[in-house]
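S.K.: Sharing a structure below in structure tokens format, with a few things to ask.
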Amino acid sequence: MLTLYGKSFTSRLLLGTAQYPSPESMKQAAKASGAEIVTVSLRRESARALAGQGFWTLIEELGCRVLPNTAGCRTAKEAIATAHMARELFGTNWIKLEVIANDDTLQPELFGLVEAAAALATEGFEVLPFTTEDLSAAERLIAARCAVLMPWAAPIGSARGLINRGALRTLRAYFPDIPLVIDAGIGTPSHATEAIEMGFDAILLNTAVAKAGDPVKMAQAFARAIEAGRLAFEAGLMEPRDMASPSTPVAGTPFFKIERVS
Amino acid sequence: MKILLNGEAFATDAKTLDELCARLGFADAKIATAVNGNVIAAVARSATQLAPADEVEIVAPRQGG
């Protein structure tokens, strides 16, 4: 079971709700993924369009727990204010905290992230910070009472997979008891499998499913890939080695002659 | 009076935030509100008086990653 802030989940996939070809395809993909947590945002509502109301009806029909984000915030102050709005709107203390440093990389602005996380935790929020693989930032976030960390695999929407495997392995090893959710940069089901095999607790993704030719089928693929990765992690992976090692028994090989041994 | 509604100039004679929301058709809508940067809970909207140049934000759920 995946446990985040005292809540347990069977699925280790957290799914975003943006960029689908249609609201119906989002709903079907979310169902097919088995996700029990979906991410949402908040935006200014127009009295003419009332765009948010129809979307909310869809989300309610899914019956998933919602994880609101602070996407688009550039400073701790903006993120804190947005988190307050999200708590009022969605009635949850959970917040996917994003403080973005750069429009091209959409990389987390770690100083603002730590500042906002500390302030929000003091106010009773349960913060899930979108961070990098940086170890010292992780330490600061945990010191700021974040009980879950969400390091990126690669920049948002880049589909590049685990760019910095070594640092991610270190992060996993260094914080064995903190749930670590890989958030962003996952492009293929095999990326997700790899992360889960490495011992990461869950995957948060959006674009790879939403922009697939068939989002429902891709959602199923990710669900199975993550399940496979988790089974493999629990089973225990063999250690890689540089030299070959025969799997078929050597003893009793027919036509064997001692002089062939090098 | 003129206020700033979601970043745009807006003329209204609504006296309270609750009244403004109702006139905009948000009476039963899933929204959150803020005035001059402070979040105003739904239960506090009727007691929140509006003044000229107030900056009002009205937000709703939206797709997110």
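Here, A, B, ... name the chains of the structure tokens in the order displayed, residue numbers run from 1 inside each chain, and ligands are numbered from 1 in the same displayed order.
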Give me every helix (DSSP H, G or I) residue in segment 5-56 of chain B, going by DSSP on the backbone, as number ranges by chain.

M.R.: B: 17-23, 42-44

S.K.: For those residues, write N, CA, C and O atoms to a file as a PDB file, in the first residue's frame.

M.R.:
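Output (selection-v7.pdb):
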```
ATOM      1  N   LEU B  17     -19.372  41.057  -1.169  1.00  0.00           N
ATOM      2  CA  LEU B  17     -18.774  40.041  -2.043  1.00  0.00           C
ATOM      3  C   LEU B  17     -19.810  38.990  -2.421  1.00  0.00           C
ATOM      4  O   LEU B  17     -19.857  38.519  -3.559  1.00  0.00           O
ATOM      5  N   ASP B  18     -20.660  38.658  -1.474  1.00  0.00           N
ATOM      6  CA  ASP B  18     -21.707  37.669  -1.708  1.00  0.00           C
ATOM      7  C   ASP B  18     -22.644  38.138  -2.819  1.00  0.00           C
ATOM      8  O   ASP B  18     -23.009  37.371  -3.722  1.00  0.00           O
ATOM      9  N   GLU B  19     -23.004  39.424  -2.747  1.00  0.00           N
ATOM     10  CA  GLU B  19     -23.904  40.008  -3.745  1.00  0.00           C
ATOM     11  C   GLU B  19     -23.233  39.994  -5.123  1.00  0.00           C
ATOM     12  O   GLU B  19     -23.875  39.686  -6.123  1.00  0.00           O
ATOM     13  N   LEU B  20     -21.975  40.344  -5.157  1.00  0.00           N
ATOM     14  CA  LEU B  20     -21.234  40.337  -6.425  1.00  0.00           C
ATOM     15  C   LEU B  20     -21.240  38.931  -7.038  1.00  0.00           C
ATOM     16  O   LEU B  20     -21.518  38.759  -8.231  1.00  0.00           O
ATOM     17  N   CYS B  21     -20.951  37.945  -6.218  1.00  0.00           N
ATOM     18  CA  CYS B  21     -20.901  36.557  -6.710  1.00  0.00           C
ATOM     19  C   CYS B  21     -22.268  36.138  -7.263  1.00  0.00           C
ATOM     20  O   CYS B  21     -22.348  35.505  -8.323  1.00  0.00           O
ATOM     21  N   ALA B  22     -23.316  36.496  -6.550  1.00  0.00           N
ATOM     22  CA  ALA B  22     -24.669  36.126  -6.982  1.00  0.00           C
ATOM     23  C   ALA B  22     -25.001  36.784  -8.320  1.00  0.00           C
ATOM     24  O   ALA B  22     -25.532  36.146  -9.226  1.00  0.00           O
ATOM     25  N   ARG B  23     -24.653  38.060  -8.461  1.00  0.00           N
ATOM     26  CA  ARG B  23     -24.957  38.776  -9.711  1.00  0.00           C
ATOM     27  C   ARG B  23     -24.189  38.218 -10.899  1.00  0.00           C
ATOM     28  O   ARG B  23     -24.609  38.327 -12.036  1.00  0.00           O
ATOM     29  N   ALA B  42     -16.369  31.156   2.029  1.00  0.00           N
ATOM     30  CA  ALA B  42     -17.736  31.296   1.518  1.00  0.00           C
ATOM     31  C   ALA B  42     -18.667  31.887   2.582  1.00  0.00           C
ATOM     32  O   ALA B  42     -19.487  32.767   2.285  1.00  0.00           O
ATOM     33  N   VAL B  43     -18.516  31.444   3.813  1.00  0.00           N
ATOM     34  CA  VAL B  43     -19.417  31.908   4.883  1.00  0.00           C
ATOM     35  C   VAL B  43     -19.184  33.384   5.236  1.00  0.00           C
ATOM     36  O   VAL B  43     -20.043  34.019   5.833  1.00  0.00           O
ATOM     37  N   ALA B  44     -18.033  33.904   4.843  1.00  0.00           N
ATOM     38  CA  ALA B  44     -17.711  35.300   5.203  1.00  0.00           C
ATOM     39  C   ALA B  44     -18.015  36.291   4.071  1.00  0.00           C
ATOM     40  O   ALA B  44     -17.836  37.496   4.240  1.00  0.00           O
TER      41      ALA B  44
END
```

S.K.: Env of segment 49-63 of chain B: 6 Å cut, atoms = only C-alpha atoms, seq-sep filter 6 positions within chain, self excluded. Answer as a list in words.

M.R.: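 In the requested format, the answer is Thr17, Ala18, Val40, Ser41, Leu42, Arg43, Arg44, Glu45 and Gly52 of chain A; Met1, Lys2, Ile3, Leu4, Leu5, Asn6, Lys15, Thr16, Ile31, Ala32, Thr33, Ala34, Val35 and Asn36 of chain B.
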
S.K.: Can you tell me which residues surround segment 64-74 of chain A at a distance of at most 7 Å, considering only C-alpha atoms, apart from same-chain residues fewer than 6 positions away, and format the answer as a PyMOL selection string?

M.R.: chain A and resi 36-41+82-83+86+94-101

S.K.: Quick one, how far is atom CA of Leu141 of chain A from atom CA of Leu110 of chain A?

M.R.: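 Value for the atom CA of Leu141 of chain A-atom CA of Leu110 of chain A distance: 9.3 Å.
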
S.K.: Looking at only C-alpha atoms, which of A:Ala210, A:Ile178, A:Leu162, A:Met1 is the one that sits closest to chain B?

M.R.: A:Ala210

S.K.: Between atom CA of Ala223 of chain A and atom CA of Leu168 of chain A, what distance in Å does the model show, to one decimal?

M.R.: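 Atom CA of Leu168 of chain A lies at a distance of 21.8 Å from atom CA of Ala223 of chain A.
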